[in-house]
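input_21.txt (compact mmCIF, C-alpha atoms)
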```txt
# COMPACT_ATOMS: atom_id res chain seq x y z
CA MET T 1 52.60 130.05 74.91
CA ASN T 2 51.96 130.36 71.17
CA HIS T 3 53.71 133.74 71.15
CA LYS T 4 56.80 132.23 72.77
CA LYS T 5 56.77 129.34 70.28
CA SER T 6 56.48 131.79 67.39
CA ASP T 7 59.44 133.83 68.68
CA TRP T 8 61.50 130.68 69.09
CA ILE T 9 60.75 129.58 65.52
CA LYS T 10 61.68 133.01 64.17
CA SER T 11 64.96 132.93 66.08
CA ARG T 12 65.72 129.50 64.60
CA GLN T 13 64.83 130.69 61.11
CA SER T 14 67.35 133.51 61.34
CA VAL T 15 70.23 131.10 61.96
CA VAL T 16 69.06 128.18 59.77
CA TRP T 17 72.06 128.71 57.50
CA GLU T 18 74.41 127.48 60.22
CA PRO T 19 73.09 123.87 60.35
CA GLU T 20 72.65 123.94 56.56
CA ILE T 21 76.34 124.58 55.95
CA LEU T 22 77.45 122.28 58.77
CA ILE T 23 75.26 119.37 57.65
CA SER T 24 76.09 119.86 53.97
CA GLY T 25 79.85 119.82 54.58
CA ILE T 26 79.94 116.88 57.00
CA VAL T 27 77.42 114.72 55.13
CA LEU T 28 79.13 115.24 51.77
CA ILE T 29 82.33 113.64 53.08
CA GLY T 30 80.49 110.50 54.12
CA LEU T 31 78.18 110.34 51.10
CA LEU T 32 81.08 109.85 48.72
CA GLN T 33 81.75 106.49 50.38
CA VAL T 34 78.12 105.31 50.33
CA PRO T 35 77.94 103.88 46.75
CA GLN T 36 80.66 101.33 47.57
CA LEU T 37 78.76 100.26 50.70
CA ILE T 38 75.56 99.92 48.66
CA ASP T 39 77.37 97.60 46.24
CA ARG T 40 78.47 95.46 49.19
CA VAL T 41 74.91 95.27 50.50
CA ASN T 42 73.69 94.44 47.00
CA GLN T 43 76.11 91.54 46.75
CA TYR T 44 75.10 90.29 50.20
CA LEU T 45 71.39 90.33 49.25
CA ASN T 46 72.14 88.55 46.01
CA ASP T 47 74.12 85.77 47.68
CA TRP T 48 72.33 85.39 50.99
CA GLY T 49 68.97 87.13 50.58
CA PRO T 50 65.56 85.68 49.59
CA PHE T 51 65.17 84.05 46.18
CA ILE T 52 62.89 86.79 44.85
CA PHE T 53 65.63 89.40 45.24
CA PHE T 54 67.88 87.99 42.55
CA THR T 55 65.37 86.17 40.35
CA ALA T 56 63.47 89.43 39.73
CA ASN T 57 66.68 91.52 39.86
CA LEU T 58 65.12 93.25 42.85
CA ASP T 59 68.47 93.60 44.61
CA GLU T 60 69.94 95.54 41.68
CA VAL T 61 66.84 97.74 41.42
CA LEU T 62 66.97 98.52 45.14
CA ALA T 63 70.69 99.31 44.92
CA ALA T 64 70.04 101.58 41.93
CA PHE T 65 67.35 103.47 43.86
CA LEU T 66 69.67 103.96 46.83
CA LYS T 67 72.48 105.20 44.59
CA THR T 68 70.05 107.55 42.85
CA SER T 69 68.93 109.01 46.18
CA VAL T 70 72.56 109.50 47.18
CA PHE T 71 73.24 111.16 43.82
CA PHE T 72 70.47 113.71 44.38
CA LEU T 73 71.69 114.34 47.90
CA ILE T 74 75.29 114.89 46.82
CA VAL T 75 74.37 117.19 43.91
CA GLY T 76 71.85 119.12 46.01
CA LEU T 77 74.26 119.66 48.89
CA ILE T 78 77.01 120.82 46.52
CA ILE T 79 74.61 123.32 44.93
CA ASN T 80 73.49 124.46 48.37
CA LEU T 81 77.09 125.00 49.52
CA PHE T 82 77.76 126.98 46.35
CA LEU T 83 74.69 129.19 46.87
CA ARG T 84 75.50 129.69 50.55
CA SER T 85 79.01 130.77 49.56
CA ILE T 86 77.47 133.48 47.37
CA TRP T 87 75.16 134.40 50.25
CA VAL T 88 78.13 134.76 52.64
CA VAL T 89 79.80 137.07 50.12
CA MET T 90 76.64 139.19 49.96
CA VAL T 91 76.50 139.38 53.75
CA GLY T 92 80.10 140.54 53.84
CA MET T 93 79.52 143.13 51.11
CA SER T 94 76.45 144.48 52.92
CA TYR T 95 78.63 144.99 55.99
CA LEU T 96 81.50 146.64 54.09
CA PHE T 97 79.25 148.78 51.88
CA PRO T 98 75.99 149.35 53.74
CA LYS T 99 75.00 152.07 51.26
CA GLY T 100 75.77 149.95 48.22
CA TYR T 101 77.53 151.57 45.24
CA ASN T 102 77.32 155.10 43.88
CA LEU T 103 76.27 155.05 40.20
CA LYS T 104 77.01 158.78 39.79
CA LYS T 105 80.74 158.08 39.91
CA PHE T 106 80.56 155.87 36.80
CA ASN T 107 78.88 158.40 34.56
CA PHE T 108 77.22 155.66 32.48
CA GLN T 109 74.94 156.36 29.52
CA PRO T 110 71.18 156.40 30.32
CA TYR T 111 70.56 152.84 29.07
CA PHE T 112 73.23 151.33 31.36
CA GLN T 113 72.35 153.75 34.15
CA ASN T 114 68.78 152.43 34.19
CA LYS T 115 69.97 148.84 34.05
CA PHE T 116 72.15 149.21 37.13
CA LYS T 117 69.43 151.07 39.02
CA LYS T 118 67.33 147.90 38.89
CA ILE T 119 70.00 145.92 40.73
CA GLN T 120 68.95 145.24 44.30
CA SER T 121 70.91 146.54 47.25
CA PHE T 122 73.20 144.16 49.12
CA ASP T 123 70.67 143.84 51.95
CA GLU T 124 67.92 142.89 49.51
CA GLN T 125 70.22 140.46 47.71
CA VAL T 126 71.10 138.83 51.04
CA ILE T 127 67.40 138.28 51.81
CA GLN T 128 66.66 137.03 48.28
CA MET T 129 69.65 134.68 48.20
CA ASP T 130 68.73 133.33 51.64
CA ARG T 131 65.32 132.34 50.26
CA VAL T 132 66.95 130.70 47.23
CA CYS T 133 69.28 128.73 49.51
CA SER T 134 66.37 127.59 51.66
CA TYR T 135 64.46 126.49 48.56
CA SER T 136 67.53 124.63 47.31
CA TYR T 137 68.02 122.82 50.61
CA SER T 138 64.32 121.89 50.82
CA LEU T 139 64.26 120.62 47.25
CA THR T 140 67.37 118.54 47.90
CA PHE T 141 65.73 116.82 50.83
CA PHE T 142 62.47 116.47 48.87
CA ALA T 143 64.23 114.80 45.93
CA PHE T 144 66.18 112.53 48.27
CA MET T 145 63.10 111.46 50.22
CA CYS T 146 61.05 110.85 47.06
CA VAL T 147 63.61 108.32 45.85
CA VAL T 148 63.93 106.83 49.35
CA GLY T 149 60.13 106.53 49.39
CA LEU T 150 60.24 104.54 46.15
CA PHE T 151 63.00 102.40 47.64
CA THR T 152 60.97 101.54 50.76
CA TYR T 153 57.95 100.78 48.56
CA LEU T 154 59.95 98.26 46.54
CA LEU T 155 61.63 96.87 49.65
CA ILE T 156 58.40 96.23 51.56
CA VAL T 157 56.47 94.80 48.60
CA GLY T 158 59.47 92.69 47.58
CA GLY T 159 59.86 91.50 51.18
CA ILE T 160 56.19 90.44 51.32
CA PHE T 161 56.52 88.47 48.09
CA ALA T 162 59.78 86.94 49.34
CA ALA T 163 58.00 85.74 52.48
CA ILE T 164 55.17 84.27 50.42
CA TYR T 165 57.57 82.58 48.04
CA SER T 166 59.48 80.97 50.89
CA PHE T 167 56.42 78.79 51.62
CA ILE T 168 56.24 77.42 48.05
CA PRO T 169 57.77 73.92 48.19
CA ILE T 170 58.47 73.54 44.46
CA ARG T 171 60.42 76.21 42.64
CA ASN T 172 60.66 76.08 38.88
CA SER T 173 60.43 78.41 35.91
CA PHE T 174 56.61 78.51 36.17
CA THR T 175 56.49 79.57 39.84
CA GLU T 176 59.36 81.95 39.22
CA ASN T 177 57.58 83.67 36.30
CA LEU T 178 54.32 83.72 38.27
CA MET T 179 56.01 85.45 41.19
CA ASN T 180 57.73 87.97 38.91
CA THR T 181 54.42 88.75 37.18
CA GLY T 182 52.66 89.20 40.51
CA ILE T 183 55.24 91.56 41.99
CA ASN T 184 55.39 93.65 38.79
CA ALA T 185 51.58 93.90 38.64
CA ILE T 186 51.32 95.08 42.26
CA LEU T 187 54.13 97.59 41.88
CA GLN T 188 52.85 99.04 38.62
CA ILE T 189 49.11 99.21 39.39
CA PHE T 190 49.23 100.76 42.86
CA GLY T 191 52.40 102.71 42.16
CA GLY T 192 50.93 104.03 38.90
CA ILE T 193 47.75 105.30 40.56
CA TYR T 194 49.71 106.99 43.34
CA PHE T 195 52.12 108.47 40.81
CA LEU T 196 49.27 109.96 38.73
CA ASP T 197 47.86 111.68 41.81
CA PHE T 198 51.34 112.97 42.65
CA ILE T 199 52.05 114.34 39.18
CA THR T 200 48.56 115.90 38.77
CA LEU T 201 48.92 117.73 42.10
CA GLY T 202 46.20 115.75 43.89
CA TRP T 203 43.61 115.35 41.12
CA PHE T 204 42.18 112.16 42.66
CA LYS T 205 41.53 113.99 45.92
CA ARG T 206 39.30 116.66 44.30
CA ILE T 207 36.55 114.45 42.84
CA LYS T 208 34.10 113.26 45.48
CA TRP T 209 33.42 109.70 44.31
CA LEU T 210 36.99 109.17 43.14
CA ALA T 211 38.40 110.40 46.45
CA LYS T 212 36.49 107.65 48.29
CA VAL T 213 37.90 104.96 45.99
CA TYR T 214 41.38 106.42 46.14
CA ARG T 215 41.46 106.83 49.94
CA PRO T 216 42.59 103.27 50.91
CA ILE T 217 45.24 103.29 48.16
CA TYR T 218 46.46 106.68 49.39
CA VAL T 219 46.70 105.50 53.00
CA VAL T 220 48.62 102.33 52.14
CA MET T 221 50.94 104.02 49.63
CA SER T 222 51.64 106.90 52.02
CA PHE T 223 52.82 104.35 54.57
CA LEU T 224 54.86 102.33 52.08
CA THR T 225 56.60 105.41 50.65
CA VAL T 226 57.11 107.13 54.05
CA ALA T 227 55.37 110.19 52.55
CA THR T 228 54.84 111.75 56.00
CA LEU T 229 58.47 112.85 56.04
CA TYR T 230 58.25 115.00 52.90
CA ARG T 231 54.53 115.59 52.27
CA SER T 232 54.58 119.07 53.84
CA ILE T 233 57.37 120.17 51.45
CA TYR T 234 55.37 118.91 48.48
CA TYR T 235 52.17 120.75 49.40
CA ALA T 236 54.05 123.91 50.36
CA LEU T 237 55.67 123.99 46.91
CA ILE T 238 52.51 123.34 44.91
CA SER T 239 50.60 125.97 46.89
CA GLU T 240 53.36 128.59 46.65
CA PHE T 241 54.05 128.51 42.90
CA ASN T 242 52.03 128.44 39.72
CA ARG T 243 50.51 124.99 39.14
CA TRP T 244 51.81 124.69 35.58
CA LYS T 245 55.31 125.55 36.73
CA ILE T 246 55.07 122.95 39.47
CA PHE T 247 53.69 120.37 37.02
CA THR T 248 56.56 121.06 34.62
CA PHE T 249 59.05 120.80 37.47
CA LEU T 250 57.59 117.48 38.68
CA VAL T 251 57.59 115.98 35.18
CA SER T 252 61.21 117.05 34.70
CA PHE T 253 62.06 115.75 38.16
CA ILE T 254 60.49 112.33 37.49
CA PHE T 255 62.28 112.17 34.13
CA LEU T 256 65.57 112.96 35.87
CA ILE T 257 64.97 110.25 38.50
CA TYR T 258 64.20 107.74 35.76
CA TYR T 259 67.27 108.66 33.75
CA VAL T 260 69.65 108.58 36.74
CA LEU T 261 68.09 105.30 37.89
CA LEU T 262 68.65 103.63 34.53
CA PHE T 263 72.15 105.06 34.40
CA GLN T 264 72.89 103.46 37.79
CA MET T 265 71.61 100.13 36.41
CA GLY T 266 73.88 100.39 33.39
CA ASP T 267 71.29 101.38 30.77
CA ASP T 268 71.81 104.24 28.35
CA PHE T 269 68.11 105.19 28.03
CA VAL T 270 67.71 108.33 25.87
CA VAL T 271 71.38 108.72 25.01
CA ASN T 272 71.69 105.45 23.11
CA LYS T 273 69.63 105.48 19.92
CA SER T 274 71.43 102.54 18.34
CA THR T 275 69.43 99.58 17.04
CA ILE T 276 72.54 97.49 16.39
CA LEU T 277 73.97 97.96 19.90
CA PRO T 278 70.90 98.57 22.11
CA GLU T 279 70.91 99.48 25.80
CA LYS T 280 70.76 95.87 27.00
CA MET T 281 73.13 93.62 25.09
CA GLY T 282 72.41 90.34 26.87
CA PHE T 283 74.31 88.05 29.21
CA ALA T 284 77.54 87.83 27.24
CA ALA T 285 78.08 91.60 27.29
CA PHE T 286 78.84 91.74 31.02
CA ASP T 287 82.54 92.22 31.79
CA GLY T 288 82.01 91.04 35.38
CA TYR T 289 82.15 87.45 34.11
CA TYR T 290 85.93 87.89 33.68
CA ARG T 291 88.02 88.59 36.76
CA ASP T 292 90.83 90.26 34.81
CA LYS T 293 88.46 92.74 33.15
CA ASN T 294 86.27 93.88 36.04
CA PRO T 295 87.54 92.74 39.46
CA LYS T 296 85.45 95.37 41.28
CA THR T 297 82.01 94.50 39.88
CA ILE T 298 82.19 90.75 39.66
CA SER T 299 79.29 88.54 38.54
CA HIS T 300 76.88 87.24 41.20
CA TRP T 301 76.46 83.96 39.30
CA LEU T 302 79.59 82.85 37.49
CA HIS T 303 83.06 84.11 36.64
CA ILE T 304 86.23 82.82 35.00
CA PRO T 305 89.81 84.18 35.09
CA SER T 306 89.82 85.64 31.57
CA ALA T 307 88.10 85.65 28.19
CA HIS T 308 91.28 84.10 26.73
CA VAL T 309 92.02 80.49 27.67
CA SER T 310 95.46 79.17 26.74
CA ASP T 311 95.14 75.80 28.50
CA ASP T 312 93.02 72.74 27.93
CA VAL T 313 91.23 73.42 31.23
CA LEU T 314 88.83 76.27 32.08
CA GLU T 315 88.49 77.31 35.73
CA VAL T 316 84.93 78.30 36.68
CA PHE T 317 83.60 79.68 39.95
CA VAL T 318 79.87 79.45 40.70
CA ALA T 319 78.67 81.76 43.49
CA HIS T 320 76.40 80.07 46.03
CA LYS T 321 73.02 81.57 46.94
CA ALA T 322 71.46 80.62 50.26
CA ALA T 323 67.94 81.10 48.87
CA LEU T 324 68.51 78.17 46.47
CA GLU T 325 69.37 75.64 49.17
CA ASP T 326 65.84 74.25 49.49
CA SER T 327 65.73 73.77 45.74
CA ILE T 328 69.15 72.09 45.81
CA TYR T 329 68.03 69.61 48.47
CA PHE T 330 64.70 68.97 46.72
CA SER T 331 66.41 68.25 43.37
CA PHE T 332 68.96 65.90 44.94
CA GLU T 333 66.25 64.07 46.90
CA ARG T 334 64.53 63.16 43.64
CA LEU T 335 67.82 62.22 42.00
CA SER T 336 69.34 60.13 44.82
CA GLY T 337 66.30 58.95 46.77
CA LEU T 338 67.86 60.29 49.96
CA LYS T 339 66.05 62.55 52.38
CA LYS T 340 67.12 66.04 53.34
CA GLU T 341 68.11 64.96 56.86
CA GLN T 342 70.47 62.32 55.42
CA ILE T 343 72.04 64.84 53.06
CA LEU T 344 72.60 67.37 55.84
CA GLU T 345 74.51 64.83 57.93
CA ASN T 346 77.13 64.17 55.24
CA ASP T 347 79.40 66.88 53.80
CA SER T 348 80.19 64.86 50.68
CA LEU T 349 76.46 64.47 49.98
CA LYS T 350 75.91 68.20 50.39
CA LEU T 351 78.72 68.82 47.89
CA SER T 352 77.19 66.28 45.50
CA ALA T 353 73.79 67.95 45.82
CA MET T 354 75.29 71.31 44.90
CA SER T 355 77.33 69.80 42.06
CA GLU T 356 74.27 68.18 40.49
CA PHE T 357 72.24 71.38 40.78
CA TYR T 358 74.45 73.53 38.54
CA ARG T 359 74.60 72.49 34.90
CA PHE T 360 76.86 73.84 32.16
CA LYS T 361 76.56 73.91 28.39
CA ILE T 362 79.29 74.70 25.89
CA ASN T 363 78.12 75.69 22.43
CA GLY T 364 74.65 74.40 23.32
CA LYS T 365 75.81 70.90 24.39
CA ASP T 366 75.34 69.62 27.95
CA LEU T 367 78.47 68.93 29.97
CA PRO T 368 78.73 66.11 32.53
CA THR T 369 78.65 67.02 36.20
CA LEU T 370 81.85 68.77 37.23
CA ASN T 371 84.07 67.66 40.10
CA TYR T 372 83.57 70.74 42.30
CA ARG T 373 85.22 71.82 45.51
CA LYS T 374 83.89 74.33 48.02
CA PHE T 375 85.71 77.60 47.67
CA HIS T 376 85.74 80.97 49.44
CA TYR T 377 86.83 83.93 47.31
CA THR T 378 87.76 86.40 50.05
CA GLN T 379 88.71 89.02 47.48
CA TYR T 380 85.12 89.15 46.20
CA HIS T 381 83.37 88.16 49.46
CA GLN T 382 81.80 85.16 47.73
CA LYS T 383 81.40 81.53 48.73
CA GLY T 384 80.61 78.86 46.19
CA LEU T 385 81.95 76.05 44.03
CA LEU T 386 85.21 75.93 42.11
CA GLY T 387 85.33 73.55 39.16
CA PHE T 388 87.37 72.82 36.05
CA ILE T 389 86.00 72.16 32.57
CA PRO T 390 88.22 70.12 30.21
CA LEU T 391 88.65 71.82 26.84
CA ASP T 392 90.98 69.37 25.07
CA SER T 393 88.21 68.33 22.66
CA LEU T 394 87.42 71.92 21.66
CA PRO T 395 89.10 73.50 18.64
CA MET T 396 90.85 76.84 18.75
CA GLY T 397 88.37 79.72 18.54
CA THR T 398 85.39 81.35 20.26
CA HIS T 399 83.08 79.25 22.42
CA ASP T 400 79.88 79.89 24.34
CA LEU T 401 79.46 78.87 28.01
CA GLN T 402 76.04 78.82 29.72
CA LEU T 403 74.99 78.16 33.31
CA HIS T 404 71.64 76.44 33.99
CA LEU T 405 69.96 75.24 37.18
CA ASN T 406 68.37 71.83 37.59
CA PHE T 407 64.96 73.17 38.61
CA SER T 408 64.80 75.46 35.55
CA PRO T 409 66.88 73.81 32.80
CA SER T 410 65.49 75.94 29.96
CA ARG T 411 66.54 79.25 31.50
CA LYS T 412 70.05 80.67 31.23
CA TYR T 413 71.28 82.21 34.48
CA ALA T 414 74.65 83.23 33.05
CA GLN T 415 76.19 83.22 29.60
CA LEU T 416 79.64 84.23 28.49
CA ILE T 417 82.06 83.71 25.66
CA PHE T 418 85.73 82.76 25.80
CA TYR T 419 88.45 82.27 23.22
CA LYS T 420 90.57 79.15 23.33
CA THR T 421 94.07 79.43 21.94
CA ASP T 422 96.25 76.48 21.06
CA ASN T 423 99.08 77.66 23.32
CA GLY T 424 101.44 77.88 20.37
CA LYS T 425 101.07 74.24 19.37
CA ASN T 426 99.64 74.84 15.92
CA PHE T 427 101.39 78.03 14.88
CA ALA T 428 104.22 76.30 12.95
CA PRO T 429 103.64 76.53 9.17
CA LYS T 430 102.56 73.26 7.63
CA PRO T 431 104.12 72.08 4.35
CA LEU T 432 101.95 72.12 1.27
CA LYS T 433 100.73 68.84 -0.15
CA ASN T 434 102.83 67.33 -2.95
CA GLU T 435 105.48 69.96 -2.30
CA GLU T 436 108.78 68.91 -3.85
CA SER T 437 112.07 69.69 -2.21
CA PRO T 438 114.52 71.71 -4.31
```
Output the file's structure in the form of structure tokens.
Amino acid sequence: MNHKKSDWIKSRQSVVWEPEILISGIVLIGLLQVPQLIDRVNQYLNDWGPFIFFTANLDEVLAAFLKTSVFFLIVGLIINLFLRSIWVVMVGMSYLFPKGYNLKKFNFQPYFQNKFKKIQSFDEQVIQMDRVCSYSYSLTFFAFMCVVGLFTYLLIVGGIFAAIYSFIPIRNSFTENLMNTGINAILQIFGGIYFLDFITLGWFKRIKWLAKVYRPIYVVMSFLTVATLYRSIYYALISEFNRWKIFTFLVSFIFLIYYVLLFQMGDDFVVNKSTILPEKMGFAAFDGYYRDKNPKTISHWLHIPSAHVSDDVLEVFVAHKAALEDSIYFSFERLSGLKKEQILENDSLKLSAMSEFYRFKINGKDLPTLNYRKFHYTQYHQKGLLGFIPLDSLPMGTHDLQLHLNFSPSRKYAQLIFYKTDNGKNFAPKPLKNEESP
């Protein structure tokens, strides 16, 4: 039975290139469409997912991890197709020229003669290139699954915290910061220990007393990162090659993941060394606040038509988030004295509750509650409130607009700048004082 199984495996190994090329070609076509789908899922989580997803930017982190995994998969499959193309050429050459080439016909000088003698025959090159292709394909899957493992780790831990947070009746800046601190501590402590064991090629597993302490962490983290799917590749690589080479590769690999991840999140990381214009420039630097500048990556909180306002009225759209509904009802209960059941029965009361929850400031000064209307932006797949801010009292020039929430008035959830023009009213030259007519 074992002999038959061994023969079957060998027969599969000899034709492994066929599914490699087939999978690489077909999957590549679909993978190019995946980033757009990830952005759609990210927006859905931000608008309709648990509160913890957008307050800790967990939705953007998860989306960045998914995009990073897709990036590694696309690059790896392209490299694999390129290497397999070379391999196919070698196979064809070995068939056309089974004896290779005859160096005697070239009459090279001894130095070049010896150089070309070291070149492998086509048959040997076919075997060697086949191994390289197999390594490339395995490393592609390994890189992809490592990032997917990190994604599932964040997803599960974030989901647990989201479930816990849903039972907290009062949500404010304190509970929000407490939840963010807790999720970051869990992710960094357990993830850091597991990462150290990964990068040191299993150092925690070699020391007797340390292995006992590390065992429960290893079991839990292996489950959370779905390590079963790629663990065999990892141990095969570290047992096949020199440990220092593997360590260098893993460090470089982790650095590459980190760089690509930050790139997906919009940070410059190592490339940007500027202290005047750092990687993160704050709320007002995001072009998604203006629909005419970035209609594809629109803000999940607030957006206006343009950074230039020529009227005395500014149109603002505030995206609704389902996770904030309990906080909206709780805030309006305290303000109006009504109970949640009474608010739910009346559409105008629900609109009033939402209107009172979102607060705006212009140039640091509080604005009165806006007269909102429910609005569905089908172009951006967003539901929310559409309101209009009167600007007739503002002078021409640059102004600062901030969005705050009632349950956390000190925190800015969105901030943008806009320039108000006078619509041509004040462009006529004014006469000088005491100017005499000729």
**Request:** Tell me which of T:Asn371, T:Asn42, T:Ser138, T:Thr68 sits closest to T:Tyr258, counting all atoms listed in the file.
**Result:**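 When distances to T:Tyr258 are compared using all atoms listed in the file, the smallest one comes from T:Thr68.
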Open item on the list: Could you check the closest approach to T:Phe144 for each of T:Ile199, T:Ile156, T:Leu73, T:Leu187 and tell me which residue wins, using all atoms listed in the file?
Closed with: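 Closest residue, counting all atoms listed in the file: T:Leu73.
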* Which residue gives the smallest distance to T:Ala64 among T:Ser121, T:Trp244, T:Asp47, T:Val148, with only C-alpha atoms counted? ->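 That would be T:Val148, the residue with the smallest distance to T:Ala64.
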**Prompt:** For the point (52.8, 117.4, 51.3) in file coordinates, what residues are within 12 Å, counting only C-alpha atoms? Give the answer as a list in words?
**Reply:**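 Final list of nearby residues, as requested, is Phe142, Met145, Cys146, Phe198, Leu201, Gly202, Ser222, Val226, Ala227, Thr228, Leu229, Tyr230, Arg231, Ser232, Ile233, Tyr234, Tyr235, Ala236, Leu237, Ile238 and Ser239 of chain T.
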Which polymer residues have any atom within 12 Å of an atom of stretch 335-349 of chain T, counting all atoms listed in the file, with same-chain residues fewer than 5 positions away left out, as a VMD selection string?
chain T and resid 325 to 330 354 to 357 371 to 374 406 to 407
Any idea what the distance is between atom CA of T:Ala414 and atom CA of T:Ser69?
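According to the coordinates, atom CA of T:Ala414 and atom CA of T:Ser69 are separated by 29.5 Å.
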From T:Arg215, T:Lys383, T:Arg411, T:Lys117, residue lying nearest T:Lys361 [only C-alpha atoms]: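 Selected residue with least distance to T:Lys361: T:Arg411.
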ask   = Interatomic distance between atom CA of T:Val219 and atom CA of T:Trp203?
value =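 About the pair atom CA of T:Val219 and atom CA of T:Trp203: they are 15.7 Å apart.
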Between atom CA of T:Val41 and atom CA of T:Lys412 - distance in Å to one decimal:
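The value is 24.7 Å.
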Practice item. Can you pull out every residue within 9 Å of T:Ser299, counting only C-alpha atoms, but drop anything in the same chain fewer than 6 positions away, and send it as a list in words? Key: Phe286, Asp287, Gly288, Tyr289, Tyr290, Arg291, Ala319 and Ala414 of chain T
Across T:Leu394, T:Ala323, T:Met221, T:Leu405, the smallest distance to T:Tyr358, with only C-alpha atoms counted, is shown by T:Leu405
| message | Env of T:Asp392: 9 Å cut, atoms = all atoms listed in the file, seq-sep filter 2 positions within chain, self excluded. Answer as a list of chain:residue names. | response |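 With the cut-off at 9 Å, the set is T:Asp311, T:Asp312, T:Val313, T:Pro390, T:Leu394, T:Pro395.
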Leaving out T:Gln125 and any residue of its chain fewer than 5 positions from it, which residues lie within 10 Å of it when counting only C-alpha atoms, given as a PDB file with C-alpha atoms, keeping the file's coordinate frame?
```pdb
ATOM      1  CA  TRP T  87      75.160 134.400  50.250  1.00  0.00           C
ATOM      2  CA  MET T  90      76.640 139.190  49.960  1.00  0.00           C
ATOM      3  CA  VAL T  91      76.500 139.380  53.750  1.00  0.00           C
ATOM      4  CA  SER T  94      76.450 144.480  52.920  1.00  0.00           C
ATOM      5  CA  ILE T 119      70.000 145.920  40.730  1.00  0.00           C
ATOM      6  CA  GLN T 120      68.950 145.240  44.300  1.00  0.00           C
ATOM      7  CA  ASP T 130      68.730 133.330  51.640  1.00  0.00           C
ATOM      8  CA  ARG T 131      65.320 132.340  50.260  1.00  0.00           C
TER       9      ARG T 131
END
```
- prompt: Looking at all atoms listed in the file, which of T:Phe106, T:Phe65, T:Tyr165, T:Phe317 is the one that sits closest to T:Thr152?
  reply: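 Answer, going by the shortest atom-to-atom distance: T:Phe65.
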Residues near T:Val157, cut-off 12 Å, only C-alpha atoms, skip fewer than 6 positions along chain, as a ChimeraX atom specification | /T:52-53,58,62,150-151,163-164,179-180,182-188,190-191,220-221,223-225
